[in-house]
$ cat input_34.pdb   # PDB, C-alpha atoms
ATOM      1  CA  MET A  47     142.005 123.580-101.576
ATOM      2  CA  SER A  48     143.017 122.227-105.000
ATOM      3  CA  TYR A  49     145.447 125.169-105.294
ATOM      4  CA  LEU A  50     147.084 124.013-102.054
ATOM      5  CA  PHE A  51     147.184 120.443-103.365
ATOM      6  CA  TRP A  52     148.943 121.499-106.589
ATOM      7  CA  SER A  53     151.398 123.648-104.661
ATOM      8  CA  GLN A  54     152.341 120.537-102.666
ATOM      9  CA  ILE A  55     152.661 118.510-105.848
ATOM     10  CA  ILE A  56     155.091 121.096-107.297
ATOM     11  CA  PHE A  57     157.089 121.088-104.062
ATOM     12  CA  TRP A  58     157.421 117.298-103.952
ATOM     13  CA  ILE A  59     158.189 117.019-107.682
ATOM     14  CA  VAL A  60     161.124 119.473-107.369
ATOM     15  CA  LEU A  61     162.403 117.664-104.268
ATOM     16  CA  LEU A  62     162.039 114.206-105.830
ATOM     17  CA  ILE A  63     163.817 115.338-109.022
ATOM     18  CA  TYR A  64     166.762 116.458-106.876
ATOM     19  CA  ILE A  65     166.793 113.172-104.906
ATOM     20  CA  TYR A  66     166.576 111.208-108.185
ATOM     21  CA  TYR A  67     169.518 113.252-109.537
ATOM     22  CA  LEU A  68     171.574 112.304-106.447
ATOM     23  CA  ILE A  69     170.639 108.615-106.736
ATOM     24  CA  ARG A  70     171.590 108.570-110.457
ATOM     25  CA  LYS A  71     174.887 110.307-109.708
ATOM     26  CA  ASN A  72     175.607 107.805-106.934
ATOM     27  CA  HIS A  73     174.823 104.904-109.283
ATOM     28  CA  ASN A  74     177.051 106.284-112.073
ATOM     29  CA  LEU A  75     179.970 106.956-109.737
ATOM     30  CA  LYS A  76     179.702 103.477-108.199
ATOM     31  CA  ASN A  77     179.795 101.939-111.689
ATOM     32  CA  GLN A  78     182.829 104.040-112.615
ATOM     33  CA  LEU A  79     184.586 103.110-109.388
ATOM     34  CA  GLU A  80     183.933  99.407-109.922
ATOM     35  CA  SER A  81     185.170  99.459-113.532
ATOM     36  CA  ILE A  82     188.377 101.306-112.582
ATOM     37  CA  GLU A  83     189.006  98.972-109.652
ATOM     38  CA  SER A  84     188.503  95.879-111.833
ATOM     39  CA  SER A  85     190.769  97.291-114.526
ATOM     40  CA  LEU A  86     193.451  98.039-111.907
ATOM     41  CA  ASN A  87     193.105  94.521-110.485
ATOM     42  CA  SER A  88     193.422  92.925-113.930
ATOM     43  CA  ASN A  89     196.520  95.068-114.601
ATOM     44  CA  GLU A  90     198.072  93.871-111.342
ATOM     45  CA  GLU A  91     197.301  90.238-112.174
ATOM     46  CA  SER A  92     198.846  90.498-115.643
ATOM     47  CA  GLN A  93     202.044  91.938-114.149
TER
ATOM     48  CA  MET B  33     171.824 105.316 -92.575
ATOM     49  CA  ASN B  34     168.651 103.202 -92.785
ATOM     50  CA  LEU B  35     167.614 104.488 -89.360
ATOM     51  CA  LEU B  36     168.090 108.076 -90.531
ATOM     52  CA  LEU B  37     166.078 107.343 -93.690
ATOM     53  CA  ALA B  38     163.277 105.765 -91.620
ATOM     54  CA  LEU B  39     163.260 108.670 -89.145
ATOM     55  CA  THR B  40     163.147 111.195 -91.998
ATOM     56  CA  PHE B  41     160.278 109.351 -93.681
ATOM     57  CA  ILE B  42     158.254 109.050 -90.449
ATOM     58  CA  SER B  43     158.852 112.688 -89.505
ATOM     59  CA  MET B  44     157.842 113.834 -93.020
ATOM     60  CA  ILE B  45     154.558 111.917 -92.706
ATOM     61  CA  GLY B  46     154.154 113.488 -89.257
ATOM     62  CA  SER B  47     154.830 116.907 -90.737
ATOM     63  CA  LEU B  48     152.191 116.430 -93.457
ATOM     64  CA  TYR B  49     149.685 115.289 -90.836
ATOM     65  CA  ALA B  50     150.502 118.155 -88.463
ATOM     66  CA  SER B  51     150.384 120.796 -91.216
ATOM     67  CA  PHE B  52     147.279 119.690 -93.074
ATOM     68  CA  ILE B  53     145.134 117.943 -90.457
ATOM     69  CA  TYR B  54     146.271 118.849 -86.934
ATOM     70  CA  ALA B  55     146.947 122.586 -87.388
ATOM     71  CA  PRO B  56     143.787 124.728 -87.592
ATOM     72  CA  THR B  57     142.932 126.647 -90.752
ATOM     73  CA  GLU B  58     143.908 130.288 -90.476
ATOM     74  CA  ARG B  59     140.859 132.590 -90.245
ATOM     75  CA  ILE B  60     141.821 135.259 -92.803
ATOM     76  CA  MET B  61     143.995 133.442 -95.359
ATOM     77  CA  GLY B  62     142.196 130.125 -95.226
ATOM     78  CA  PRO B  63     143.812 126.828 -96.337
ATOM     79  CA  ILE B  64     146.481 128.607 -98.387
ATOM     80  CA  GLN B  65     148.225 129.585 -95.118
ATOM     81  CA  LYS B  66     149.213 125.917 -94.754
ATOM     82  CA  ILE B  67     151.954 126.512 -97.365
ATOM     83  CA  PHE B  68     153.668 128.414 -94.522
ATOM     84  CA  TYR B  69     154.853 125.208 -92.788
ATOM     85  CA  PHE B  70     156.739 123.759 -95.754
ATOM     86  CA  HIS B  71     157.869 127.238 -96.761
ATOM     87  CA  MET B  72     159.462 127.652 -93.312
ATOM     88  CA  GLY B  73     160.988 124.177 -93.638
ATOM     89  CA  THR B  74     162.723 125.161 -96.870
ATOM     90  CA  VAL B  75     163.864 128.490 -95.362
ATOM     91  CA  TRP B  76     165.290 126.580 -92.397
ATOM     92  CA  VAL B  77     167.244 124.104 -94.554
ATOM     93  CA  ALA B  78     168.563 126.892 -96.820
ATOM     94  CA  THR B  79     169.679 128.860 -93.744
ATOM     95  CA  ILE B  80     171.517 125.901 -92.171
ATOM     96  CA  SER B  81     173.120 125.151 -95.559
ATOM     97  CA  PHE B  82     174.436 128.678 -96.018
ATOM     98  CA  VAL B  83     175.724 128.832 -92.434
ATOM     99  CA  ILE B  84     177.619 125.590 -93.146
ATOM    100  CA  VAL B  85     179.008 127.048 -96.414
ATOM    101  CA  PHE B  86     180.203 130.076 -94.445
ATOM    102  CA  VAL B  87     181.862 128.093 -91.623
ATOM    103  CA  ALA B  88     183.296 125.408 -93.922
ATOM    104  CA  SER B  89     184.702 128.027 -96.314
ATOM    105  CA  ILE B  90     186.491 129.797 -93.445
ATOM    106  CA  GLN B  91     187.837 126.455 -92.219
ATOM    107  CA  TYR B  92     188.950 125.523 -95.748
ATOM    108  CA  LEU B  93     190.907 128.764 -96.082
ATOM    109  CA  ARG B  94     192.438 128.248 -92.615
ATOM    110  CA  LYS B  95     193.292 124.555 -92.780
ATOM    111  CA  GLU B  96     193.356 123.900 -96.543
ATOM    112  CA  SER B  97     191.648 120.570 -95.945
ATOM    113  CA  ARG B  98     189.663 119.169 -98.881
ATOM    114  CA  ASN B  99     187.044 117.869 -96.416
ATOM    115  CA  TRP B 100     185.937 121.419 -95.582
ATOM    116  CA  ASP B 101     185.801 122.257 -99.275
ATOM    117  CA  ILE B 102     183.591 119.202 -99.906
ATOM    118  CA  LEU B 103     181.310 120.164 -97.012
ATOM    119  CA  ALA B 104     180.947 123.759 -98.265
ATOM    120  CA  TYR B 105     180.206 122.717-101.843
ATOM    121  CA  SER B 106     177.731 120.004-100.813
ATOM    122  CA  ALA B 107     175.884 122.325 -98.422
ATOM    123  CA  ALA B 108     175.757 125.064-101.084
ATOM    124  CA  GLU B 109     174.069 122.746-103.571
ATOM    125  CA  ILE B 110     171.406 121.772-101.019
ATOM    126  CA  GLY B 111     171.013 125.425-100.056
ATOM    127  CA  VAL B 112     170.405 126.434-103.675
ATOM    128  CA  VAL B 113     167.764 123.708-104.126
ATOM    129  CA  PHE B 114     165.946 124.721-100.935
ATOM    130  CA  ILE B 115     166.173 128.477-101.475
ATOM    131  CA  THR B 116     164.661 127.825-104.937
ATOM    132  CA  LEU B 117     161.832 125.926-103.210
ATOM    133  CA  THR B 118     161.499 128.839-100.761
ATOM    134  CA  ILE B 119     161.053 131.317-103.614
ATOM    135  CA  VAL B 120     158.640 129.023-105.479
ATOM    136  CA  SER B 121     156.501 128.240-102.401
ATOM    137  CA  GLY B 122     156.526 131.926-101.412
ATOM    138  CA  SER B 123     155.290 132.894-104.880
ATOM    139  CA  ILE B 124     152.548 130.260-104.754
ATOM    140  CA  TRP B 125     151.432 131.704-101.402
ATOM    141  CA  ALA B 126     151.695 135.311-102.673
ATOM    142  CA  LYS B 127     149.486 134.890-105.749
ATOM    143  CA  PRO B 128     146.135 134.462-103.917
ATOM    144  CA  ILE B 129     147.153 136.642-100.943
ATOM    145  CA  TRP B 130     148.879 139.597-102.659
ATOM    146  CA  GLY B 131     147.391 139.073-106.119
ATOM    147  CA  THR B 132     150.836 138.738-107.704
ATOM    148  CA  TRP B 133     153.455 135.993-108.019
ATOM    149  CA  TRP B 134     156.309 138.392-107.309
ATOM    150  CA  THR B 135     156.988 141.892-106.035
ATOM    151  CA  TRP B 136     160.286 143.673-105.369
ATOM    152  CA  ASP B 137     159.642 143.812-101.623
ATOM    153  CA  PRO B 138     162.921 144.191 -99.585
ATOM    154  CA  GLN B 139     162.776 140.626 -98.231
ATOM    155  CA  LEU B 140     161.998 139.110-101.617
ATOM    156  CA  THR B 141     164.708 141.157-103.302
ATOM    157  CA  THR B 142     167.386 140.182-100.760
ATOM    158  CA  THR B 143     166.267 136.523-101.032
ATOM    159  CA  PHE B 144     166.561 136.699-104.823
ATOM    160  CA  ILE B 145     170.073 138.204-104.443
ATOM    161  CA  LEU B 146     170.925 135.372-102.020
ATOM    162  CA  TRP B 147     169.798 132.834-104.630
ATOM    163  CA  ILE B 148     171.949 134.489-107.330
ATOM    164  CA  LEU B 149     174.996 134.662-105.017
ATOM    165  CA  TYR B 150     174.909 130.953-104.218
ATOM    166  CA  VAL B 151     174.239 129.976-107.833
ATOM    167  CA  VAL B 152     177.381 131.992-108.712
ATOM    168  CA  TYR B 153     179.251 130.217-105.889
ATOM    169  CA  MET B 154     178.176 126.854-107.331
ATOM    170  CA  ILE B 155     179.370 127.869-110.814
ATOM    171  CA  LEU B 156     182.695 129.126-109.418
ATOM    172  CA  ARG B 157     183.312 126.022-107.313
ATOM    173  CA  SER B 158     182.260 123.488-109.951
ATOM    174  CA  SER B 159     184.377 125.176-112.638
ATOM    175  CA  ALA B 160     187.387 125.255-110.275
ATOM    176  CA  GLY B 161     187.670 121.450-110.306
ATOM    177  CA  ASN B 162     190.925 120.463-108.579
ATOM    178  CA  ASP B 163     192.524 123.878-108.926
ATOM    179  CA  VAL B 164     193.202 124.861-105.289
ATOM    180  CA  ARG B 165     193.620 128.576-106.095
ATOM    181  CA  LYS B 166     190.219 128.738-107.790
ATOM    182  CA  ALA B 167     188.678 126.642-104.998
ATOM    183  CA  LYS B 168     189.993 129.168-102.466
ATOM    184  CA  PHE B 169     188.554 132.000-104.545
ATOM    185  CA  ALA B 170     185.171 130.227-104.461
ATOM    186  CA  ALA B 171     185.536 129.856-100.665
ATOM    187  CA  VAL B 172     186.136 133.607-100.335
ATOM    188  CA  PHE B 173     183.034 134.183-102.448
ATOM    189  CA  GLY B 174     181.093 131.751-100.202
ATOM    190  CA  ILE B 175     182.067 133.832 -97.160
ATOM    191  CA  ILE B 176     181.090 137.132 -98.815
ATOM    192  CA  ALA B 177     177.781 135.682-100.107
ATOM    193  CA  PHE B 178     176.819 134.819 -96.531
ATOM    194  CA  LEU B 179     176.683 138.534 -95.659
ATOM    195  CA  ASP B 180     173.362 138.735 -97.534
ATOM    196  CA  LEU B 181     171.701 136.152 -95.260
ATOM    197  CA  PRO B 182     171.251 138.450 -92.206
ATOM    198  CA  LEU B 183     169.977 141.131 -94.613
ATOM    199  CA  VAL B 184     167.100 138.835 -95.645
ATOM    200  CA  TYR B 185     165.962 138.582 -92.024
ATOM    201  CA  ILE B 186     166.656 142.223 -91.151
ATOM    202  CA  SER B 187     164.971 143.571 -94.303
ATOM    203  CA  ALA B 188     161.538 142.228 -93.292
ATOM    204  CA  ARG B 189     161.845 143.683 -89.804
ATOM    205  CA  VAL B 190     163.588 147.006 -90.409
ATOM    206  CA  MET B 191     162.694 148.084 -93.955
ATOM    207  CA  ARG B 192     159.112 148.744 -94.929
ATOM    208  CA  GLY B 193     157.821 145.839 -96.923
ATOM    209  CA  ILE B 194     154.729 143.733 -97.402
ATOM    210  CA  SER B 195     156.296 140.415 -96.353
ATOM    211  CA  PRO B 196     154.547 139.185 -93.200
ATOM    212  CA  VAL B 197     156.603 139.028 -89.991
ATOM    213  CA  VAL B 198     155.263 136.177 -87.869
ATOM    214  CA  PHE B 199     157.969 136.129 -85.220
ATOM    215  CA  GLY B 200     159.581 139.161 -83.575
ATOM    216  CA  SER B 201     158.295 142.382 -82.034
ATOM    217  CA  ARG B 202     156.184 143.279 -85.092
ATOM    218  CA  GLY B 203     154.937 139.735 -85.520
ATOM    219  CA  GLY B 204     151.548 138.500 -84.464
ATOM    220  CA  GLY B 205     152.756 135.020 -83.504
ATOM    221  CA  ILE B 206     150.829 131.834 -84.191
ATOM    222  CA  ALA B 207     148.399 129.532 -82.369
ATOM    223  CA  SER B 208     149.940 126.768 -80.242
ATOM    224  CA  GLU B 209     148.699 124.002 -82.611
ATOM    225  CA  MET B 210     150.301 125.863 -85.509
ATOM    226  CA  MET B 211     153.535 126.118 -83.525
ATOM    227  CA  VAL B 212     153.485 122.332 -82.926
ATOM    228  CA  ALA B 213     152.980 121.750 -86.682
ATOM    229  CA  LEU B 214     155.831 124.126 -87.436
ATOM    230  CA  MET B 215     158.184 122.414 -84.976
ATOM    231  CA  VAL B 216     157.351 118.950 -86.368
ATOM    232  CA  THR B 217     158.025 120.301 -89.882
ATOM    233  CA  LEU B 218     161.345 121.831 -88.842
ATOM    234  CA  VAL B 219     162.457 118.546 -87.247
ATOM    235  CA  ALA B 220     161.449 116.645 -90.424
ATOM    236  CA  PHE B 221     163.315 119.076 -92.667
ATOM    237  CA  THR B 222     166.395 118.992 -90.422
ATOM    238  CA  LEU B 223     166.505 115.196 -90.721
ATOM    239  CA  LEU B 224     165.987 115.450 -94.488
ATOM    240  CA  PHE B 225     168.845 117.938 -94.664
ATOM    241  CA  ILE B 226     171.208 115.666 -92.683
ATOM    242  CA  LEU B 227     170.269 112.722 -94.920
ATOM    243  CA  ILE B 228     170.865 114.636 -98.159
ATOM    244  CA  LEU B 229     174.071 116.297 -96.911
ATOM    245  CA  LYS B 230     175.515 112.958 -95.812
ATOM    246  CA  ASN B 231     174.808 111.467 -99.251
ATOM    247  CA  ARG B 232     176.077 114.540-101.090
ATOM    248  CA  VAL B 233     179.376 114.517 -99.152
ATOM    249  CA  GLU B 234     179.791 110.788 -99.863
ATOM    250  CA  LEU B 235     179.325 111.482-103.588
ATOM    251  CA  GLU B 236     182.125 114.057-103.577
ATOM    252  CA  ILE B 237     184.424 111.649-101.694
ATOM    253  CA  MET B 238     183.606 108.968-104.262
ATOM    254  CA  LYS B 239     184.454 111.408-107.092
ATOM    255  CA  ASP B 240     187.829 112.096-105.435
ATOM    256  CA  ASN B 241     188.501 108.351-105.129
ATOM    257  CA  ILE B 242     187.697 107.842-108.817
ATOM    258  CA  LEU B 243     190.086 110.628-109.787
ATOM    259  CA  ARG B 244     192.821 109.136-107.576
ATOM    260  CA  LEU B 245     192.341 105.675-109.073
ATOM    261  CA  LYS B 246     192.323 107.094-112.627
ATOM    262  CA  LEU B 247     195.685 108.719-111.919
ATOM    263  CA  MET B 248     196.985 105.399-110.575
ATOM    264  CA  GLU B 249     195.695 103.670-113.693
ATOM    265  CA  ALA B 250     197.400 106.200-115.967
ATOM    266  CA  LYS B 251     200.806 105.678-114.275
TER
END
$ encode --input "input_34.pdb" --output "structure tokens"
Amino acid sequence: MSYLFWSQIIFWIVLLIYIYYLIRKNHNLKNQLESIESSLNSNEESQ
Amino acid sequence: MNLLLALTFISMIGSLYASFIYAPTERIMGPIQKIFYFHMGTVWVATISFVIVFVASIQYLRKESRNWDILAYSAAEIGVVFITLTIVSGSIWAKPIWGTWWTWDPQLTTTFILWILYVVYMILRSSAGNDVRKAKFAAVFGIIAFLDLPLVYISARVMRGISPVVFGSRGGGIASEMMVALMVTLVAFTLLFILILKNRVELEIMKDNILRLKLMEAK
């Protein structure tokens, strides 16, 4: 039974690592998008 | 989005309950057979993913729309993750049942080839970047790679191997409670797949928007 438990743990760890990777990527891209948009807005204002 | 997340979460809990509590323990294999439910879930998601890569790649070559390219690439990534989980969960099941983590059985071999093919597709597509010619080459590869998928299913049924066939003429079938657990698991994994695919596609669209804005900024 403990073998089955550890197999589940491995399964969920792999899946959660992938979901965490997607969340991090989403966070990084959102930050990038916001910084570019603010820099474009400040450029427009200065012109 | 929140509704989909809630439904996925609830169905996953339902799947765990159905697999580990509701479904009876198999007489010969014992509790280790319960890996079967999640193993089938991962097989199911990988299969849907690769079918989407196949269809989206054809559509990309026909219509040259970036949306199809995004869909194919996103589905391929999910497919690779879930086919990896399929191989890992299959090996975990095989160790106590067959006495080995891995054997070059026809179904296992064709699954391993499938994994390699889609990893190569991922490398090709990610290295192509915005180069349309290279992206089309990756799409052609995505179509060819799909040809291995039917072989995985046929190999267990036609070729002589040790992989168990549960469904089909040679298969023994499963008890009705086990079938319920399997169906609940497949529904849960389908919802999980939709949730991940939706997010993965949105990430690619966001990447495109960043690139477009960077070009605007550079001008």
$ resolve_selection --input "input_34.pdb" --expression "the PyMOL selection byres ((chain B and resi 128) around 12)" --output "VMD selection string"
(chain A and resid 47 49 to 50) or (chain B and resid 60 to 65 67 122 to 127 129 to 134)
$ interface_residues --input "input_34.pdb" --of "chain A" --to "chain B" --cutoff "9 Å" --atoms "all atoms listed in the file" --output "ChimeraX atom specification"
/A:47,49-50,53-54,56-57,60-61,64-65,68,71-72,75-76,78-79,82-83,85-86,89
$ resolve_selection --input "input_34.pdb" --expression "the PyMOL selection byres ((chain B and resi 77) around 10)" --output "PyMOL selection string"
chain B and resi 72-76+78-83+107+110-115+118+218+221-226
$ residues_around --input "input_34.pdb" --residues "B:Ala104" --least-positions-apart "4" --cutoff "9 Å" --atoms "all atoms listed in the file" --output "list in words"
Ser81, Phe82, Ile84, Val85, Phe86, Val87, Ala88, Ser89, Tyr92, Asn99, Trp100, Ala108, Glu109, Ala171 and Gly174 of chain B
$ resolve_selection --input "input_34.pdb" --expression "the PyMOL selection byres ((chain B and resi 98) around 10)" --output "number ranges by chain"
B: 92, 95-97, 99-104, 162, 164, 167, 237, 240
$ atom_distance --input "input_34.pdb" --atom1 "atom CA of B:Asp180" --atom2 "atom CA of B:Ile119"
15.6 Å
$ atom_distance --input "input_34.pdb" --atom1 "atom CA of B:Ala160" --atom2 "atom CA of A:Ile63"
25.6 Å
$ atom_distance --input "input_34.pdb" --atom1 "atom CA of B:Ala170" --atom2 "atom CA of B:Ala188"
28.8 Å
$ axis_aligned_box --input "input_34.pdb" --around "stretch 51-66 of chain A" --padding-each-side "4 Å" --output "lines of an AutoDock Vina configuration file"
center_x = 157.0
center_y = 117.4
center_z = -105.8
size_x = 27.6
size_y = 20.4
size_z = 14.4
$ closest_residue --input "input_34.pdb" --among "B:Thr40, B:Ile148, B:Met215, B:Asp137" --to "B:Phe178" --atoms "only C-alpha atoms"
B:Ile148
$ residues_near_point --input "input_34.pdb" --point "(163.6, 147.7, -98.0)" --cutoff "9 Å" --atoms "all atoms listed in the file" --output "count of residues only"
11
$ build_atoms --input "input_34.pdb" --residues "stretch 48-64 of chain A" --atoms "N, CA and C atoms" --output "compact mmCIF listing (two decimals), in the coordinates of the input"
# COMPACT_ATOMS: atom_id res chain seq x y z
N SER A 48 142.28 122.88 -103.91
CA SER A 48 143.02 122.23 -105.00
C SER A 48 144.30 123.00 -105.30
N TYR A 49 144.26 124.33 -105.09
CA TYR A 49 145.45 125.17 -105.29
C TYR A 49 146.55 124.72 -104.33
N LEU A 50 146.15 124.47 -103.08
CA LEU A 50 147.08 124.01 -102.05
C LEU A 50 147.64 122.64 -102.43
N PHE A 51 146.77 121.78 -102.95
CA PHE A 51 147.18 120.44 -103.36
C PHE A 51 148.24 120.53 -104.47
N TRP A 52 148.00 121.37 -105.48
CA TRP A 52 148.94 121.50 -106.59
C TRP A 52 150.26 122.14 -106.15
N SER A 53 150.16 123.04 -105.17
CA SER A 53 151.40 123.65 -104.66
C SER A 53 152.27 122.58 -104.00
N GLN A 54 151.62 121.65 -103.30
CA GLN A 54 152.34 120.54 -102.67
C GLN A 54 152.94 119.62 -103.71
N ILE A 55 152.17 119.38 -104.77
CA ILE A 55 152.66 118.51 -105.85
C ILE A 55 153.93 119.11 -106.46
N ILE A 56 153.91 120.42 -106.72
CA ILE A 56 155.09 121.10 -107.30
C ILE A 56 156.28 120.94 -106.36
N PHE A 57 156.03 121.18 -105.07
CA PHE A 57 157.09 121.09 -104.06
C PHE A 57 157.73 119.70 -104.07
N TRP A 58 156.90 118.67 -104.02
CA TRP A 58 157.42 117.30 -103.95
C TRP A 58 158.08 116.88 -105.26
N ILE A 59 157.57 117.36 -106.40
CA ILE A 59 158.19 117.02 -107.68
C ILE A 59 159.62 117.58 -107.73
N VAL A 60 159.78 118.85 -107.35
CA VAL A 60 161.12 119.47 -107.37
C VAL A 60 162.06 118.69 -106.44
N LEU A 61 161.58 118.38 -105.24
CA LEU A 61 162.40 117.66 -104.27
C LEU A 61 162.76 116.26 -104.76
N LEU A 62 161.79 115.57 -105.34
CA LEU A 62 162.04 114.21 -105.83
C LEU A 62 162.97 114.20 -107.04
N ILE A 63 162.89 115.23 -107.88
CA ILE A 63 163.82 115.34 -109.02
C ILE A 63 165.25 115.46 -108.49
N TYR A 64 165.43 116.28 -107.47
CA TYR A 64 166.76 116.46 -106.88
C TYR A 64 167.26 115.15 -106.26
